[in-house]
>>> print(open('coords.cif').read())   # mmCIF, C-alpha atoms and all ligand atoms
data_model
loop_
_atom_site.label_atom_id
_atom_site.label_comp_id
_atom_site.auth_asym_id
_atom_site.auth_seq_id
_atom_site.Cartn_x
_atom_site.Cartn_y
_atom_site.Cartn_z
CA MET A 1 21.51 -27.41 4.51
CA GLY A 2 24.90 -25.66 4.14
CA ASP A 3 25.47 -22.41 2.24
CA GLY A 4 26.97 -24.34 -0.63
CA ASP A 5 23.95 -26.47 -1.60
CA VAL A 6 21.05 -24.08 -2.08
CA GLU A 7 18.95 -24.49 -5.24
CA PRO A 8 19.35 -21.89 -7.97
CA GLY A 9 17.08 -18.91 -7.36
CA PHE A 10 17.39 -19.28 -3.58
CA ILE A 11 19.81 -17.81 -1.03
CA PRO A 12 20.37 -18.71 2.63
CA LEU A 13 17.98 -16.97 5.04
CA LYS A 14 19.59 -14.35 7.27
CA HIS A 15 17.27 -14.35 10.27
CA PRO A 16 18.00 -12.20 13.35
CA ASP A 17 19.22 -14.43 16.18
CA VAL A 18 17.24 -13.46 19.30
CA LYS A 19 17.88 -15.65 22.32
CA GLY A 20 16.04 -16.69 25.49
CA ASP A 21 15.00 -13.84 27.80
CA GLU A 22 15.81 -11.31 25.12
CA MET A 23 12.85 -12.68 23.09
CA LEU A 24 10.34 -11.92 25.82
CA ARG A 25 11.93 -8.55 26.54
CA ARG A 26 11.70 -7.55 22.89
CA ALA A 27 8.18 -8.93 22.53
CA LYS A 28 6.93 -6.89 25.51
CA SER A 29 8.79 -3.79 24.50
CA PHE A 30 7.33 -3.88 20.97
CA TYR A 31 3.85 -4.48 22.36
CA ASP A 32 4.21 -1.49 24.73
CA GLN A 33 5.48 0.62 21.87
CA MET A 34 2.55 -0.30 19.59
CA ASN A 35 0.01 -0.09 22.39
CA SER A 36 0.99 3.57 22.86
CA ARG A 37 -0.22 4.33 19.32
CA ARG A 38 -3.50 6.17 18.97
CA THR A 39 -5.27 7.51 15.93
CA THR A 40 -5.68 11.26 16.24
CA ARG A 41 -7.33 13.67 13.83
CA HIS A 42 -5.36 16.63 15.18
CA PHE A 43 -2.06 17.35 13.48
CA SER A 44 0.54 20.10 13.86
CA ASN A 45 1.73 21.75 10.63
CA LYS A 46 5.36 21.40 11.76
CA GLU A 47 7.55 20.22 8.88
CA VAL A 48 8.62 16.60 8.58
CA PRO A 49 11.69 15.79 6.46
CA ARG A 50 10.95 13.87 3.25
CA GLU A 51 13.56 11.26 4.26
CA LEU A 52 11.34 10.07 7.14
CA ILE A 53 8.41 9.56 4.76
CA GLU A 54 10.69 7.70 2.36
CA ILE A 55 11.80 5.37 5.16
CA ALA A 56 8.18 4.75 6.24
CA ILE A 57 7.31 3.81 2.65
CA ARG A 58 10.38 1.57 2.36
CA THR A 59 9.34 -0.12 5.62
CA ALA A 60 5.77 -0.62 4.34
CA SER A 61 7.18 -2.03 1.14
CA THR A 62 8.94 -4.82 3.07
CA ALA A 63 5.47 -6.38 3.49
CA PRO A 64 4.95 -9.90 2.20
CA SER A 65 2.70 -9.87 -0.86
CA GLY A 66 0.86 -12.31 -3.13
CA ALA A 67 3.43 -13.88 -5.49
CA HIS A 68 5.80 -11.10 -4.36
CA LEU A 69 4.10 -8.73 -6.81
CA GLN A 70 4.24 -5.84 -4.31
CA PRO A 71 0.95 -4.48 -5.65
CA TRP A 72 1.11 -1.03 -4.07
CA THR A 73 1.95 2.55 -4.96
CA PHE A 74 2.44 5.12 -2.20
CA VAL A 75 1.88 8.69 -3.41
CA ALA A 76 3.39 11.17 -0.91
CA ILE A 77 2.17 14.75 -1.08
CA SER A 78 3.56 17.79 0.74
CA ASN A 79 2.52 20.29 -1.93
CA SER A 80 0.01 22.67 -0.32
CA GLU A 81 -2.12 23.24 -3.43
CA MET A 82 -2.44 19.50 -4.01
CA LYS A 83 -3.38 18.88 -0.36
CA ALA A 84 -6.02 21.63 -0.60
CA ARG A 85 -7.50 20.07 -3.76
CA ILE A 86 -7.63 16.66 -2.11
CA ARG A 87 -9.24 18.08 1.03
CA GLU A 88 -11.90 19.89 -0.97
CA ALA A 89 -12.79 16.76 -2.96
CA ALA A 90 -12.73 14.54 0.15
CA GLU A 91 -15.01 16.91 2.07
CA GLU A 92 -17.47 16.99 -0.81
CA GLU A 93 -17.76 13.18 -0.72
CA GLU A 94 -17.85 13.08 3.07
CA ARG A 95 -20.57 15.73 3.27
CA ARG A 96 -22.77 13.46 1.17
CA PHE A 97 -21.80 10.46 3.30
CA TYR A 98 -22.65 12.11 6.62
CA GLN A 99 -25.75 13.94 5.38
CA GLU A 100 -27.30 11.36 3.08
CA ARG A 101 -25.63 8.00 2.84
CA VAL A 102 -24.62 6.88 6.33
CA PRO A 103 -27.00 4.17 7.59
CA ASP A 104 -28.17 4.34 11.24
CA GLU A 105 -26.25 1.27 12.32
CA TRP A 106 -23.04 2.79 10.96
CA GLN A 107 -23.72 6.24 12.44
CA GLU A 108 -24.23 4.63 15.83
CA VAL A 109 -20.68 3.15 15.95
CA LEU A 110 -19.10 6.23 14.35
CA ALA A 111 -20.54 8.67 16.91
CA PRO A 112 -18.01 7.89 19.69
CA LEU A 113 -15.17 8.76 17.28
CA GLY A 114 -16.47 12.30 16.84
CA THR A 115 -15.89 12.33 13.07
CA ASP A 116 -17.67 14.59 10.59
CA HIS A 117 -17.19 15.83 7.02
CA VAL A 118 -14.52 18.38 7.99
CA LYS A 119 -11.15 16.93 7.07
CA SER A 120 -8.65 19.52 8.34
CA HIS A 121 -6.02 16.82 8.87
CA ILE A 122 -5.51 16.74 5.09
CA THR A 123 -4.21 20.30 5.02
CA ASP A 124 -2.81 20.50 8.59
CA ALA A 125 -0.42 17.56 8.32
CA PRO A 126 2.81 18.29 6.43
CA TRP A 127 2.44 15.06 4.42
CA VAL A 128 -0.47 13.12 3.02
CA VAL A 129 0.35 9.62 1.76
CA VAL A 130 -2.19 7.85 -0.45
CA LEU A 131 -1.89 4.09 -0.71
CA PHE A 132 -3.05 2.75 -4.09
CA ARG A 133 -3.77 -0.96 -4.53
CA GLN A 134 -2.82 -2.40 -7.90
CA SER A 135 -5.45 -4.90 -9.05
CA LYS A 136 -3.52 -5.55 -12.27
CA ARG A 137 0.08 -5.47 -13.44
CA GLU A 138 1.80 -5.05 -16.75
CA ARG A 139 2.57 -8.28 -18.58
CA GLY A 140 4.18 -8.14 -22.01
CA GLU A 141 2.04 -5.91 -24.19
CA GLY A 142 -1.02 -6.30 -21.95
CA MET A 143 -2.15 -6.60 -18.36
CA ALA A 144 -2.47 -9.55 -15.95
CA PRO A 145 -4.01 -9.80 -12.48
CA THR A 146 -2.23 -9.38 -9.18
CA TYR A 147 -3.12 -11.82 -6.38
CA TYR A 148 -4.36 -11.11 -2.85
CA SER A 149 -3.78 -7.41 -3.39
CA GLN A 150 -6.21 -6.45 -0.61
CA GLU A 151 -4.40 -8.62 1.90
CA SER A 152 -0.97 -7.49 0.66
CA CYS A 153 -1.84 -3.79 0.84
CA GLY A 154 -3.49 -4.25 4.24
CA ILE A 155 -0.25 -5.70 5.58
CA ALA A 156 1.78 -2.91 3.96
CA ALA A 157 -0.52 -0.32 5.52
CA GLY A 158 -0.01 -1.89 8.95
CA LEU A 159 3.74 -1.70 8.55
CA PHE A 160 3.49 1.92 7.39
CA ILE A 161 1.41 2.87 10.45
CA SER A 162 3.88 1.07 12.75
CA ALA A 163 6.89 2.74 11.10
CA VAL A 164 5.31 6.18 11.47
CA HIS A 165 4.54 5.56 15.14
CA ASN A 166 8.01 4.19 15.79
CA MET A 167 9.63 7.38 14.42
CA GLY A 168 7.56 9.50 16.79
CA LEU A 169 5.02 10.78 14.27
CA ALA A 170 1.28 10.25 14.02
CA THR A 171 -0.98 9.10 11.22
CA LEU A 172 -4.67 8.48 10.61
CA PRO A 173 -5.97 5.83 8.20
CA HIS A 174 -8.62 7.94 6.50
CA THR A 175 -11.00 6.38 3.98
CA PRO A 176 -12.91 9.07 2.12
CA SER A 177 -15.68 7.23 0.39
CA PRO A 178 -15.92 6.80 -2.52
CA MET A 179 -12.22 7.38 -3.23
CA GLY A 180 -12.21 7.43 -7.04
CA PHE A 181 -11.39 11.14 -7.05
CA LEU A 182 -7.88 10.41 -5.74
CA ARG A 183 -6.95 8.43 -8.84
CA GLU A 184 -8.16 11.29 -10.98
CA ILE A 185 -6.49 14.12 -9.06
CA LEU A 186 -3.20 12.22 -8.68
CA GLY A 187 -3.20 10.91 -12.25
CA ARG A 188 -2.89 7.22 -11.40
CA PRO A 189 -3.78 4.49 -13.93
CA VAL A 190 -7.19 2.75 -13.94
CA HIS A 191 -5.85 -0.48 -12.42
CA GLU A 192 -4.78 1.42 -9.26
CA HIS A 193 -7.39 1.87 -6.54
CA ALA A 194 -6.99 4.35 -3.70
CA MET A 195 -7.26 2.34 -0.50
CA LEU A 196 -6.17 4.65 2.32
CA LEU A 197 -5.30 8.29 2.74
CA LEU A 198 -2.76 8.72 5.53
CA PRO A 199 -1.89 12.20 6.81
CA VAL A 200 1.50 12.06 8.53
CA GLY A 201 2.91 14.60 10.96
CA TYR A 202 3.42 15.52 14.58
CA PRO A 203 0.28 15.45 16.67
CA ALA A 204 -1.00 18.95 17.50
CA ASP A 205 -0.09 20.21 21.00
CA ASP A 206 -3.75 19.96 21.97
CA ALA A 207 -4.42 16.72 20.06
CA ARG A 208 -7.27 14.67 21.48
CA VAL A 209 -8.42 11.09 21.01
CA PRO A 210 -11.67 9.39 21.92
CA ASP A 211 -11.66 7.67 25.31
CA LEU A 212 -11.72 4.10 23.99
CA GLU A 213 -10.45 0.76 25.21
CA ARG A 214 -8.86 -2.05 23.23
CA LYS A 215 -10.42 -5.48 23.46
CA ARG A 216 -8.70 -7.87 25.90
CA LEU A 217 -6.64 -10.82 24.64
CA GLU A 218 -9.49 -13.19 25.62
CA GLU A 219 -11.90 -11.25 23.45
CA VAL A 220 -9.73 -11.27 20.34
CA SER A 221 -8.25 -14.74 20.48
CA GLU A 222 -8.81 -18.42 21.06
CA PHE A 223 -6.01 -20.87 21.81
CA TRP A 224 -5.93 -24.64 21.17
CA ASP A 225 -2.86 -25.64 23.25
N1 LIG A 301 -15.02 7.76 5.78
C1 LIG A 301 -15.68 8.60 6.75
C2 LIG A 301 -16.44 7.81 7.76
C3 LIG A 301 -15.67 6.97 8.70
C4 LIG A 301 -15.86 5.61 8.67
C5 LIG A 301 -15.25 4.79 9.58
I1 LIG A 301 -15.63 2.81 9.56
C6 LIG A 301 -14.38 5.34 10.54
O1 LIG A 301 -13.74 4.50 11.46
C7 LIG A 301 -14.18 6.71 10.59
C8 LIG A 301 -14.84 7.50 9.65
C9 LIG A 301 -14.69 9.56 7.40
O2 LIG A 301 -13.49 9.42 7.20
O3 LIG A 301 -15.12 10.46 8.11
#
>>> encode(input="coords.cif", output="structure tokens")
Amino acid sequence: MGDGDVEPGFIPLKHPDVKGDEMLRRAKSFYDQMNSRRTTRHFSNKEVPRELIEIAIRTASTAPSGAHLQPWTFVAISNSEMKARIREAAEEEERRFYQERVPDEWQEVLAPLGTDHVKSHITDAPWVVVLFRQSKRERGEGMAPTYYSQESCGIAAGLFISAVHNMGLATLPHTPSPMGFLREILGRPVHEHAMLLLPVGYPADDARVPDLERKRLEEVSEFWD
């Protein structure tokens, strides 16, 4: 189909032209790059320019989404008082989780990660980004549903994490549970649901990560050639 005969509402696709050996080179290089990402809970308080956070959010927002509704809001916080409020509320919920609510079978797989109710990353990192999932959207005078918002926001979160790693920063997908307090503190509407809290910053000089292995290709895939 030539450029001239595209139906109304459509434009020709501009797809990057990657050829032959270059494909494999790029594939391996991206894999190596992503495989060097680790989730750390230890952040430096060194400043990070707002522009980098804006670019990470713009990258995340390139995610495909159900009916292209882009059902996400990223709230980026560098304000120290706001981060302190969020940390206090998150730790209150987490204290209850670790002391009362966590079932044995969950505790058993959490233990190797060395997590507890202390959430210093929220105040250590220069930025905290909260991803809100929109379960509804405005339509005329009222509201209508969004579609596949969990899937859409999950993909956007993956792109955000990749963008942050690619720019040389670190992040941690933190899920304080329950997360309702974030909507309240950040003044978001009732149809927005906090999904992930992502501190973003440089890793601390003495940052540590659990000694874990990723599953092998054979363990995570099945091929029908
Ligand atoms: N939300 C708690 C518990 C927690 C749960 C899972 I699954 C993790 O991979 C890590 C932590 C917390 O953030 O500590």
>>> closest_residue(input="coords.cif", among="A:Ala163, A:Ser177, A:Arg41, A:Gly158", to="Tyr98 (chain A)", atoms="all atoms listed in the file")
A:Ser177
>>> residues_near_ligand(input="coords.cif", ligand="ligand LIG 301 (chain A)", cutoff="6 Å", atoms="only C-alpha atoms and all ligand atoms", output="count of residues only")
7
>>> closest_residue(input="coords.cif", among="A:Ser44, A:Gln99, A:Thr59, A:Gln150", to="Pro126 (chain A)", atoms="all atoms listed in the file")
A:Ser44
>>> residues_around(input="coords.cif", residues="Gly180 (chain A)", least_positions_apart="2", cutoff="10 Å", atoms="all atoms listed in the file", output="PyMOL selection string")
chain A and resi 176-178+182-185+190+192-195
>>> write_last_selection(input="coords.cif", atoms="C-alpha atoms", output="short mmCIF file (atom, residue, chain, number, x, y, z; two decimals), in the coordinates of the input")
data_model
loop_
_atom_site.label_atom_id
_atom_site.label_comp_id
_atom_site.auth_asym_id
_atom_site.auth_seq_id
_atom_site.Cartn_x
_atom_site.Cartn_y
_atom_site.Cartn_z
CA PRO A 176 -12.91 9.07 2.12
CA SER A 177 -15.68 7.23 0.39
CA PRO A 178 -15.92 6.80 -2.52
CA LEU A 182 -7.88 10.41 -5.74
CA ARG A 183 -6.95 8.43 -8.84
CA GLU A 184 -8.16 11.29 -10.98
CA ILE A 185 -6.49 14.12 -9.06
CA VAL A 190 -7.19 2.75 -13.94
CA GLU A 192 -4.78 1.42 -9.26
CA HIS A 193 -7.39 1.87 -6.54
CA ALA A 194 -6.99 4.35 -3.70
CA MET A 195 -7.26 2.34 -0.50
#
>>> residues_around(input="coords.cif", residues="Trp127 (chain A)", least_positions_apart="4", cutoff="9 Å", atoms="only C-alpha atoms", output="list in words")
Glu47, Val48, Arg50, Ile53, Ala76, Ile77, Ser78, Asn79, Lys83, Ile122, Thr123, Leu198, Pro199, Val200 and Gly201 of chain A
>>> closest_residue(input="coords.cif", among="A:Ile155, A:Ala84, A:Val130, A:Met143", to="Pro173 (chain A)", atoms="all atoms listed in the file")
A:Val130
>>> atom_distance(input="coords.cif", atom1="CA of Tyr202 (chain A)", atom2="CA of Ile161 (chain A)")
13.5 Å
>>> atom_distance(input="coords.cif", atom1="CA of Met82 (chain A)", atom2="CA of Val128 (chain A)")
9.7 Å
>>> closest_residue(input="coords.cif", among="A:Val18, A:Val109, A:Ala170, A:Ala156", to="Ala125 (chain A)", atoms="all atoms listed in the file")
A:Ala170
>>> atom_distance(input="coords.cif", atom1="CA of Glu108 (chain A)", atom2="CA of Phe132 (chain A)")
29.1 Å
>>> residues_around(input="coords.cif", residues="Tyr148 (chain A)", least_positions_apart="4", cutoff="8 Å", atoms="only C-alpha atoms", output="ChimeraX atom specification")
/A:65-66,152
>>> residues_around(input="coords.cif", residues="region 20-34 of chain A", least_positions_apart="4", cutoff="8 Å", atoms="all atoms listed in the file", output="list in words")
Ser162, His165 and Asn166 of chain A
>>> closest_residue(input="coords.cif", among="A:Pro210, A:Asn35, A:Val75, A:Leu172", to="Ala111 (chain A)", atoms="all atoms listed in the file")
A:Pro210
